[in-house]
Amino acid sequence: MGVMGSKSREYMFGGTVRHLAERATEARRDADGLACQAWNARMLGFQGPAQPSPTLGDALNAGYRYLEVKCLGCETHQTVALDIVRRPKWTPVHELERYMRCKDCSR
Ligand SMILES: [Zn+2]
């Protein structure tokens with residue numbers, strides 16, 4: 001491309017590129033947060049359906065750190081730390097529930 005200028009490309013566009021990238025990151029976090037809130041509201045207000053649900057990565061991106069689930073064996077409430085769950089980031093949150101058993105029931 002042949003454009004002459006007295007200012008560098010970084011000077012002219014660097015700020016814009018960074019600004020837009022930041023806005024995209026923020027918008028993504030907002031969207032993830034809203035998706036998590038919507039899912040929470042559906043689960044609390046209507047007890048489901050759990051599908052579709054935000055992914056583990058969405059929840060972490062939105063700042064959620066824990067998932068409250070019912071143990072499949074005894075129905076007691078368990079808190080799962082999302083950042084230590086050994087699942088790929090694209091795992092839907094509702095899939096985590098399927099494996100949740102408290103210590104007593106998993107023995
Ligand atoms: Zn249990």
# chains A, B, ... in the order shown; residues from 1 in each chain; ligands from 1
call {"tool": "select_by_dssp", "arguments": {"residues": "segment 29-74 of chain A", "states": "helix (DSSP H, G or I)", "output": "list in words"}}
result
Arg29, Asp30, Ala31, Asp32, Gly33, Leu34, Ala35, Cys36, Gln37, Ala38, Trp39, Asn40, Ala41, Arg42, Met43, Leu44, Gly45, Phe46, Leu56, Gly57, Asp58, Ala59, Leu60 and Asn61 of chain A
call {"tool": "residues_near_ligand", "arguments": {"ligand": "ligand 1", "cutoff": "12 Å", "atoms": "only C-alpha atoms and all ligand atoms", "output": "list in words"}}
result
Val69, Lys70, Cys71, Leu72, Gly73, Cys74, Glu75, Thr76, His77, Gln78, Tyr99, Met100, Arg101, Cys102, Lys103, Asp104, Cys105, Ser106 and Arg107 of chain A
call {"tool": "atom_distance", "arguments": {"atom1": "atom CA of Asp58 of chain A", "atom2": "atom CA of Asp32 of chain A"}}
result
5.2 Å
call {"tool": "residues_around", "arguments": {"residues": "segment 41-56 of chain A", "least_positions_apart": "5", "cutoff": "8 Å", "atoms": "only C-alpha atoms", "output": "number ranges by chain"}}
result
A: 32, 35-36, 82, 88-94
call {"tool": "write_last_selection", "arguments": {"atoms": "N, CA and C atoms", "output": "compact mmCIF listing (two decimals), in the first residue's frame"}}
result
# COMPACT_ATOMS: atom_id res chain seq x y z
N ASP A 32 -21.00 -13.02 28.62
CA ASP A 32 -20.83 -14.24 29.43
C ASP A 32 -21.53 -14.07 30.77
N ALA A 35 -25.27 -14.33 30.29
CA ALA A 35 -25.65 -15.72 30.02
C ALA A 35 -25.66 -16.52 31.32
N CYS A 36 -24.69 -16.27 32.19
CA CYS A 36 -24.63 -16.97 33.48
C CYS A 36 -25.78 -16.55 34.37
N LEU A 82 -15.05 -23.86 40.26
CA LEU A 82 -14.95 -23.99 38.80
C LEU A 82 -13.52 -23.93 38.30
N PRO A 88 -12.41 -29.53 30.01
CA PRO A 88 -12.09 -28.48 29.03
C PRO A 88 -12.98 -27.26 29.23
N LYS A 89 -12.45 -26.10 28.85
CA LYS A 89 -13.17 -24.83 29.06
C LYS A 89 -14.49 -24.77 28.29
N TRP A 90 -14.63 -25.57 27.26
CA TRP A 90 -15.86 -25.52 26.47
C TRP A 90 -16.93 -26.47 27.01
N THR A 91 -16.67 -27.12 28.14
CA THR A 91 -17.68 -27.99 28.74
C THR A 91 -18.85 -27.16 29.26
N PRO A 92 -20.08 -27.48 28.82
CA PRO A 92 -21.23 -26.74 29.37
C PRO A 92 -21.35 -27.01 30.87
N VAL A 93 -21.69 -25.96 31.61
CA VAL A 93 -21.76 -26.07 33.06
C VAL A 93 -22.70 -27.18 33.53
N HIS A 94 -23.81 -27.36 32.80
CA HIS A 94 -24.77 -28.38 33.25
C HIS A 94 -24.19 -29.79 33.17
call {"tool": "atom_distance", "arguments": {"atom1": "atom CA of Gly14 of chain A", "atom2": "atom CA of Ala62 of chain A"}}
result
27.0 Å
call {"tool": "atom_distance", "arguments": {"atom1": "atom CA of Asn61 of chain A", "atom2": "atom CA of Glu10 of chain A"}}
result
29.3 Å
call {"tool": "select_by_dssp", "arguments": {"residues": "chain A", "states": "strand (DSSP E)", "output": "list in words"}}
result
Tyr66, Leu67, Glu68, Val69, Lys70, His77, Gln78, Thr79, Val80 and Ala81 of chain A
call {"tool": "write_last_selection", "arguments": {"atoms": "N, CA and C atoms", "output": "PDB file, in the first residue's frame"}}
result
ATOM      1  N   TYR A  66     -17.722 -20.562  41.518  1.00  0.00           N
ATOM      2  CA  TYR A  66     -18.309 -21.752  42.125  1.00  0.00           C
ATOM      3  C   TYR A  66     -19.612 -22.143  41.455  1.00  0.00           C
ATOM      4  N   LEU A  67     -19.873 -23.412  41.462  1.00  0.00           N
ATOM      5  CA  LEU A  67     -21.151 -23.923  40.982  1.00  0.00           C
ATOM      6  C   LEU A  67     -21.774 -24.704  42.135  1.00  0.00           C
ATOM      7  N   GLU A  68     -23.019 -24.392  42.422  1.00  0.00           N
ATOM      8  CA  GLU A  68     -23.725 -25.135  43.462  1.00  0.00           C
ATOM      9  C   GLU A  68     -24.532 -26.222  42.813  1.00  0.00           C
ATOM     10  N   VAL A  69     -24.296 -27.435  43.223  1.00  0.00           N
ATOM     11  CA  VAL A  69     -25.015 -28.558  42.630  1.00  0.00           C
ATOM     12  C   VAL A  69     -25.531 -29.473  43.725  1.00  0.00           C
ATOM     13  N   LYS A  70     -26.505 -30.262  43.346  1.00  0.00           N
ATOM     14  CA  LYS A  70     -27.056 -31.254  44.257  1.00  0.00           C
ATOM     15  C   LYS A  70     -26.335 -32.565  44.016  1.00  0.00           C
ATOM     16  N   HIS A  77     -26.514 -30.286  49.029  1.00  0.00           N
ATOM     17  CA  HIS A  77     -25.900 -29.286  48.159  1.00  0.00           C
ATOM     18  C   HIS A  77     -24.383 -29.319  48.293  1.00  0.00           C
ATOM     19  N   GLN A  78     -23.746 -29.275  47.153  1.00  0.00           N
ATOM     20  CA  GLN A  78     -22.291 -29.274  47.114  1.00  0.00           C
ATOM     21  C   GLN A  78     -21.830 -28.043  46.354  1.00  0.00           C
ATOM     22  N   THR A  79     -20.688 -27.504  46.750  1.00  0.00           N
ATOM     23  CA  THR A  79     -20.121 -26.376  46.029  1.00  0.00           C
ATOM     24  C   THR A  79     -18.881 -26.840  45.284  1.00  0.00           C
ATOM     25  N   VAL A  80     -18.879 -26.588  44.000  1.00  0.00           N
ATOM     26  CA  VAL A  80     -17.751 -27.014  43.176  1.00  0.00           C
ATOM     27  C   VAL A  80     -16.969 -25.778  42.751  1.00  0.00           C
ATOM     28  N   ALA A  81     -15.678 -25.778  42.985  1.00  0.00           N
ATOM     29  CA  ALA A  81     -14.829 -24.666  42.535  1.00  0.00           C
ATOM     30  C   ALA A  81     -14.569 -24.824  41.043  1.00  0.00           C
TER      31      ALA A  81
END
call {"tool": "decode", "arguments": {"residues": "segment 36-91 of chain A", "atoms": "C-alpha atoms", "output": "CSV table (one decimal), in the first residue's frame"}}
result
chain,number,residue,atom,x,y,z
A,36,CYS,CA,-24.6,-17.0,33.5
A,37,GLN,CA,-27.2,-14.8,35.2
A,38,ALA,CA,-29.9,-16.0,32.8
A,39,TRP,CA,-29.0,-19.6,33.5
A,40,ASN,CA,-28.9,-19.0,37.3
A,41,ALA,CA,-32.3,-17.3,37.1
A,42,ARG,CA,-33.8,-20.2,35.1
A,43,MET,CA,-32.4,-22.8,37.5
A,44,LEU,CA,-33.5,-20.9,40.6
A,45,GLY,CA,-36.9,-19.7,39.3
A,46,PHE,CA,-37.9,-22.6,37.2
A,47,GLN,CA,-35.6,-25.5,38.2
A,48,GLY,CA,-34.5,-25.8,34.7
A,49,PRO,CA,-34.1,-26.8,32.0
A,50,ALA,CA,-30.4,-26.9,32.6
A,51,GLN,CA,-29.7,-27.1,28.9
A,52,PRO,CA,-28.3,-25.1,27.2
A,53,SER,CA,-25.9,-23.7,29.7
A,54,PRO,CA,-22.9,-21.4,29.6
A,55,THR,CA,-19.6,-23.1,29.3
A,56,LEU,CA,-17.0,-23.5,32.1
A,57,GLY,CA,-14.9,-20.9,30.3
A,58,ASP,CA,-17.8,-18.4,30.0
A,59,ALA,CA,-18.5,-18.7,33.7
A,60,LEU,CA,-14.8,-18.2,34.6
A,61,ASN,CA,-14.6,-15.3,32.2
A,62,ALA,CA,-17.6,-13.7,33.8
A,63,GLY,CA,-16.0,-14.0,37.2
A,64,TYR,CA,-18.0,-17.0,38.5
A,65,ARG,CA,-15.9,-19.2,40.7
A,66,TYR,CA,-18.3,-21.8,42.1
A,67,LEU,CA,-21.2,-23.9,41.0
A,68,GLU,CA,-23.7,-25.1,43.5
A,69,VAL,CA,-25.0,-28.6,42.6
A,70,LYS,CA,-27.1,-31.3,44.3
A,71,CYS,CA,-25.3,-34.5,44.9
A,72,LEU,CA,-26.8,-37.3,42.8
A,73,GLY,CA,-26.7,-39.8,45.6
A,74,CYS,CA,-28.1,-37.9,48.6
A,75,GLU,CA,-29.3,-34.6,47.2
A,76,THR,CA,-27.2,-32.5,49.6
A,77,HIS,CA,-25.9,-29.3,48.2
A,78,GLN,CA,-22.3,-29.3,47.1
A,79,THR,CA,-20.1,-26.4,46.0
A,80,VAL,CA,-17.8,-27.0,43.2
A,81,ALA,CA,-14.8,-24.7,42.5
A,82,LEU,CA,-15.0,-24.0,38.8
A,83,ASP,CA,-11.3,-23.1,38.5
A,84,ILE,CA,-10.1,-26.5,39.7
A,85,VAL,CA,-12.5,-28.6,37.7
A,86,ARG,CA,-10.6,-30.8,35.4
A,87,ARG,CA,-12.7,-30.3,32.3
A,88,PRO,CA,-12.1,-28.5,29.0
A,89,LYS,CA,-13.2,-24.8,29.1
A,90,TRP,CA,-15.9,-25.5,26.5
A,91,THR,CA,-17.7,-28.0,28.7
